[in-house]
Amino acid sequence: MQVRFTYDIVCPYAFMAASHVDALAARHGATVQWDPVLLGGIFRHHRSPDVPAASWAESKAVLGRRDVHRMAHLHGLDGLAFRDDHPLRTVNAMRLCILAPPDRRAALSLALYRAYWLDGRDIRQPAVLHELARAHGIDPHAIDAQQTKDRLRHATAAAAERGVFGVPSLQVVHEDGTAGPLHWGADRMHFVEEALSGQRVPQTAPIAPRLVERSCQVDFFHDFASPYSYLGATQIDRIATARGATVRWRPVLLGALFRTIGTPNVPLFAMSAAKQAWNARELDRWANHHAVPYAFPSTFPVRTVLALRAALVAPSITMPMYRALWAEDRDIGNPEVVAAVIGECGLDPAAVLEAAVTPSNKLVLRQNTDEAAASGVCGVPSFLVDGTHLVWGQDRLHLLDHLLAGWSPTGDAA
């Protein structure tokens, strides 16, 4: 088997994946096809912004930078740093990559990554590219050849046609030439290893218990409206219990949060068609990984305000309400369905719903939402550890586990 690894030097997450993809494949007797592309060309193919982060809410941008440094640490790249002029134009660097013969492409690509992300060198400069090209036995003047330009353009178009919408992207290609599903991101490499091995693989290596016991509190900001929030909700108590932490469940109004920070009300609808298709398969993969029931509801998006208010009154209905929407395709935007779920939990629906709509209870939901925004939350699920370390996304549960095990990233204040 072969792992097709699609990358551009401009992406730090692609550097993280590049640092481990060959060893990952070798563990399972597979090889890697290094597939250089122009990320900007991929974006333009899918009508996405050339620099997606430029339109992010400030809180998302802050978390995004922090996430890069956290993930770099876990990938053994502590020196990784953003240049002040990031992102650099990498077209000539990627032409150099496509010029490299297969047996030298990985080494050259990693040298370019180190130059950009560890050494702070300007890889737009001909002198830098010529030095690296000669060090790897490549004629640097071939960068400007029309054939080289065409090869990179065609490789980019072919990747986009395969459904690649970002980097790093990885696919397992079988002996018969058929390709498995697309995996996007350095944090999905365990899915690649699962495809190679046929066995469940943890997202990261287990973390040892903390040496000094202390009580940790996790504020769990969530909304029934998000499938990722559902997946996170199925795992948070397990992780916290294993680390001796307590969880404070904090329902929020995700739509109100988005309006506060300036994010599309339904981010899924703002994605390209390719990313939406990947997202649908990705949710299934994570549900299988966590071994939880899941089915995308026919009523999405769902108005969840009444269900959230009810969960504040009766926290025991929280997981049944999540399952009703995300496993049983029940419309919890319908007050009758909310009442039914409450009743199934052995509670009096009328009493719970009466308490849910009192001004004081409504205020708690608004305050949770305001406090989430003030803490830097830009989406759900989000996990705030001891009021200091903020983690966003159920695909970052491994970071939460690290933090609860005693990891404290340098300069990582919320």
# chains A, B, ... in the order shown; residues from 1 in each chain; ligands from 1
$ select_by_dssp --residues "stretch 32-206 of chain A" --states "strand (DSSP E)" --output "list in words"
Val32, Gln33, Trp34, Asp35, Pro36, Ser169, Leu170, Gln171, Val172, Val173, His183 and Trp184 of chain A
$ residues_around --residues "A:Leu268" --least-positions-apart "6" --cutoff "12 Å" --atoms "only C-alpha atoms" --output "PyMOL selection string"
chain A and resi 225-228+274-280+300-301
$ closest_atom_pairs --of "stretch 3-31 of chain A" --to "stretch 98-106 of chain A" --cutoff "12 Å" --atoms "only C-alpha atoms" --output "CSV"
residue,atom,partner,partner_atom,distance
A:Phe5,CA,A:Ala106,CA,10.4
A:Thr6,CA,A:Ile98,CA,11.6
A:Tyr7,CA,A:Ala106,CA,11.0
A:Asp8,CA,A:Ile98,CA,10.9
A:Ile9,CA,A:Ala106,CA,11.8
A:Phe15,CA,A:Ala106,CA,11.2
A:Ala17,CA,A:Ala106,CA,11.8
A:Ala18,CA,A:Ala106,CA,8.1
A:Ser19,CA,A:Ala106,CA,9.5
A:His20,CA,A:Ala106,CA,11.0
A:Val21,CA,A:Ala106,CA,9.9
A:Asp22,CA,A:Ala106,CA,8.6
A:Ala23,CA,A:Ala106,CA,11.8
A:Thr31,CA,A:Pro102,CA,11.1
$ residues_around --residues "stretch 32-47 of chain A" --least-positions-apart "3" --cutoff "9 Å" --atoms "only C-alpha atoms" --output "ChimeraX atom specification"
/A:1-11,21-22,25-26,50-52,90-91,94-95,97-98,102,105-106,109,152-157,159-161,164-167,272-275
$ residues_around --residues "stretch 77-83 of chain A" --least-positions-apart "2" --cutoff "12 Å" --atoms "only C-alpha atoms" --output "ChimeraX atom specification"
/A:10-13,15-20,64-75,85-88,113-123,409-410
$ write_last_selection --atoms "C-alpha atoms" --output "PDB file, in the first residue's frame"
ATOM      1  CA  VAL A  10       3.274  27.251   3.666  1.00  0.00           C
ATOM      2  CA  CYS A  11       1.225  25.164   6.127  1.00  0.00           C
ATOM      3  CA  PRO A  12       2.645  24.422   9.607  1.00  0.00           C
ATOM      4  CA  TYR A  13       0.310  21.466  10.112  1.00  0.00           C
ATOM      5  CA  PHE A  15       5.144  20.281   8.391  1.00  0.00           C
ATOM      6  CA  MET A  16       3.965  18.324  11.428  1.00  0.00           C
ATOM      7  CA  ALA A  17       2.544  15.567   9.251  1.00  0.00           C
ATOM      8  CA  ALA A  18       5.593  15.583   6.988  1.00  0.00           C
ATOM      9  CA  SER A  19       7.819  14.954  10.006  1.00  0.00           C
ATOM     10  CA  HIS A  20       6.140  11.619  10.722  1.00  0.00           C
ATOM     11  CA  GLY A  64      -5.516  29.011  15.903  1.00  0.00           C
ATOM     12  CA  ARG A  65      -2.016  30.336  16.587  1.00  0.00           C
ATOM     13  CA  ARG A  66      -2.011  28.731  20.032  1.00  0.00           C
ATOM     14  CA  ASP A  67      -3.126  25.422  18.559  1.00  0.00           C
ATOM     15  CA  VAL A  68      -0.268  25.430  16.061  1.00  0.00           C
ATOM     16  CA  HIS A  69       2.279  25.813  18.862  1.00  0.00           C
ATOM     17  CA  ARG A  70       0.633  23.171  21.033  1.00  0.00           C
ATOM     18  CA  MET A  71       0.474  20.691  18.180  1.00  0.00           C
ATOM     19  CA  ALA A  72       4.036  21.493  17.132  1.00  0.00           C
ATOM     20  CA  HIS A  73       5.201  20.646  20.647  1.00  0.00           C
ATOM     21  CA  LEU A  74       3.445  17.284  20.495  1.00  0.00           C
ATOM     22  CA  HIS A  75       5.082  16.619  17.114  1.00  0.00           C
ATOM     23  CA  ASP A  85       5.238  38.213   7.020  1.00  0.00           C
ATOM     24  CA  HIS A  86       3.484  34.817   7.006  1.00  0.00           C
ATOM     25  CA  PRO A  87       2.157  33.505   4.697  1.00  0.00           C
ATOM     26  CA  LEU A  88       5.032  33.632   2.238  1.00  0.00           C
ATOM     27  CA  TYR A 113       9.967  23.204   5.946  1.00  0.00           C
ATOM     28  CA  ARG A 114      12.831  23.650   8.392  1.00  0.00           C
ATOM     29  CA  ALA A 115      14.047  26.729   6.550  1.00  0.00           C
ATOM     30  CA  TYR A 116      10.597  28.352   6.677  1.00  0.00           C
ATOM     31  CA  TRP A 117       9.283  27.252  10.071  1.00  0.00           C
ATOM     32  CA  LEU A 118      12.354  26.671  12.243  1.00  0.00           C
ATOM     33  CA  ASP A 119      15.111  28.840  10.785  1.00  0.00           C
ATOM     34  CA  GLY A 120      12.997  31.822   9.734  1.00  0.00           C
ATOM     35  CA  ARG A 121      14.530  31.947   6.251  1.00  0.00           C
ATOM     36  CA  ASP A 122      12.764  33.625   3.353  1.00  0.00           C
ATOM     37  CA  ILE A 123      12.206  30.786   0.903  1.00  0.00           C
ATOM     38  CA  PRO A 409       2.398  24.879  27.410  1.00  0.00           C
ATOM     39  CA  THR A 410       4.677  27.889  27.703  1.00  0.00           C
TER      40      THR A 410
END
$ select_by_dssp --residues "stretch 105-187 of chain A" --states "alpha helix (DSSP H)" --output "PyMOL selection string"
chain A and resi 105-117+126-135+146-161
$ residues_around --residues "A:Lys362" --least-positions-apart "2" --cutoff "10 Å" --atoms "only C-alpha atoms" --output "compact mmCIF listing (two decimals) with C-alpha atoms, in the first residue's frame"
# COMPACT_ATOMS: atom_id res chain seq x y z
CA VAL A 305 -32.69 27.36 23.03
CA LEU A 306 -35.55 25.62 24.87
CA LEU A 308 -30.61 24.24 26.58
CA ARG A 309 -32.72 26.13 29.10
CA ALA A 310 -34.30 22.83 30.18
CA LEU A 312 -29.89 24.08 32.97
CA ALA A 355 -38.69 26.56 35.32
CA ALA A 356 -36.77 26.67 32.04
CA VAL A 357 -38.48 29.83 30.80
CA THR A 358 -38.19 31.87 33.98
CA PRO A 359 -36.20 35.10 33.60
CA SER A 360 -33.54 33.90 36.02
CA VAL A 364 -27.98 31.98 33.17
CA LEU A 365 -27.87 30.83 29.55
CA ARG A 366 -27.06 34.35 28.37
CA GLN A 367 -24.38 34.71 31.04
$ closest_residue --among "A:Leu353, A:Val337, A:Ile236, A:Ala111" --to "A:Ala311" --atoms "only C-alpha atoms"
A:Leu353
$ atom_distance --atom1 "atom CA of A:Asn334" --atom2 "atom CA of A:Ala351"
17.2 Å
$ closest_residue --among "A:Asp386, A:Ala373, A:Glu344, A:Cys216" --to "A:Ile239" --atoms "only C-alpha atoms"
A:Cys216
$ residues_around --residues "A:Leu325" --least-positions-apart "6" --cutoff "7 Å" --atoms "only C-alpha atoms" --output "list in words"
Pro297, Asp331 and Ile332 of chain A
$ closest_residue --among "A:Arg323, A:Arg303, A:Thr148, A:His174" --to "A:Val266" --atoms "only C-alpha atoms"
A:Arg303
$ residues_around --residues "A:Pro320" --least-positions-apart "5" --cutoff "10 Å" --atoms "only C-alpha atoms" --output "list in words"
Leu325, Trp326, Ala327, Val341, Ile342, Glu344 and Cys345 of chain A
$ write_last_selection --atoms "C-alpha atoms" --output "PDB file, in the first residue's frame"
ATOM      1  CA  LEU A 325     -30.934  14.819  18.079  1.00  0.00           C
ATOM      2  CA  TRP A 326     -27.678  13.213  16.963  1.00  0.00           C
ATOM      3  CA  ALA A 327     -28.461   9.510  17.226  1.00  0.00           C
ATOM      4  CA  VAL A 341     -37.216  13.541  26.311  1.00  0.00           C
ATOM      5  CA  ILE A 342     -37.673  15.099  29.751  1.00  0.00           C
ATOM      6  CA  GLU A 344     -38.303   9.694  29.348  1.00  0.00           C
ATOM      7  CA  CYS A 345     -35.757  10.757  31.969  1.00  0.00           C
TER       8      CYS A 345
END
$ atom_distance --atom1 "atom CA of A:Thr246" --atom2 "atom CA of A:Leu363"
23.9 Å
$ closest_residue --among "A:Leu110, A:Ala295, A:Val380, A:Ala179" --to "A:Arg162" --atoms "only C-alpha atoms"
A:Ala179
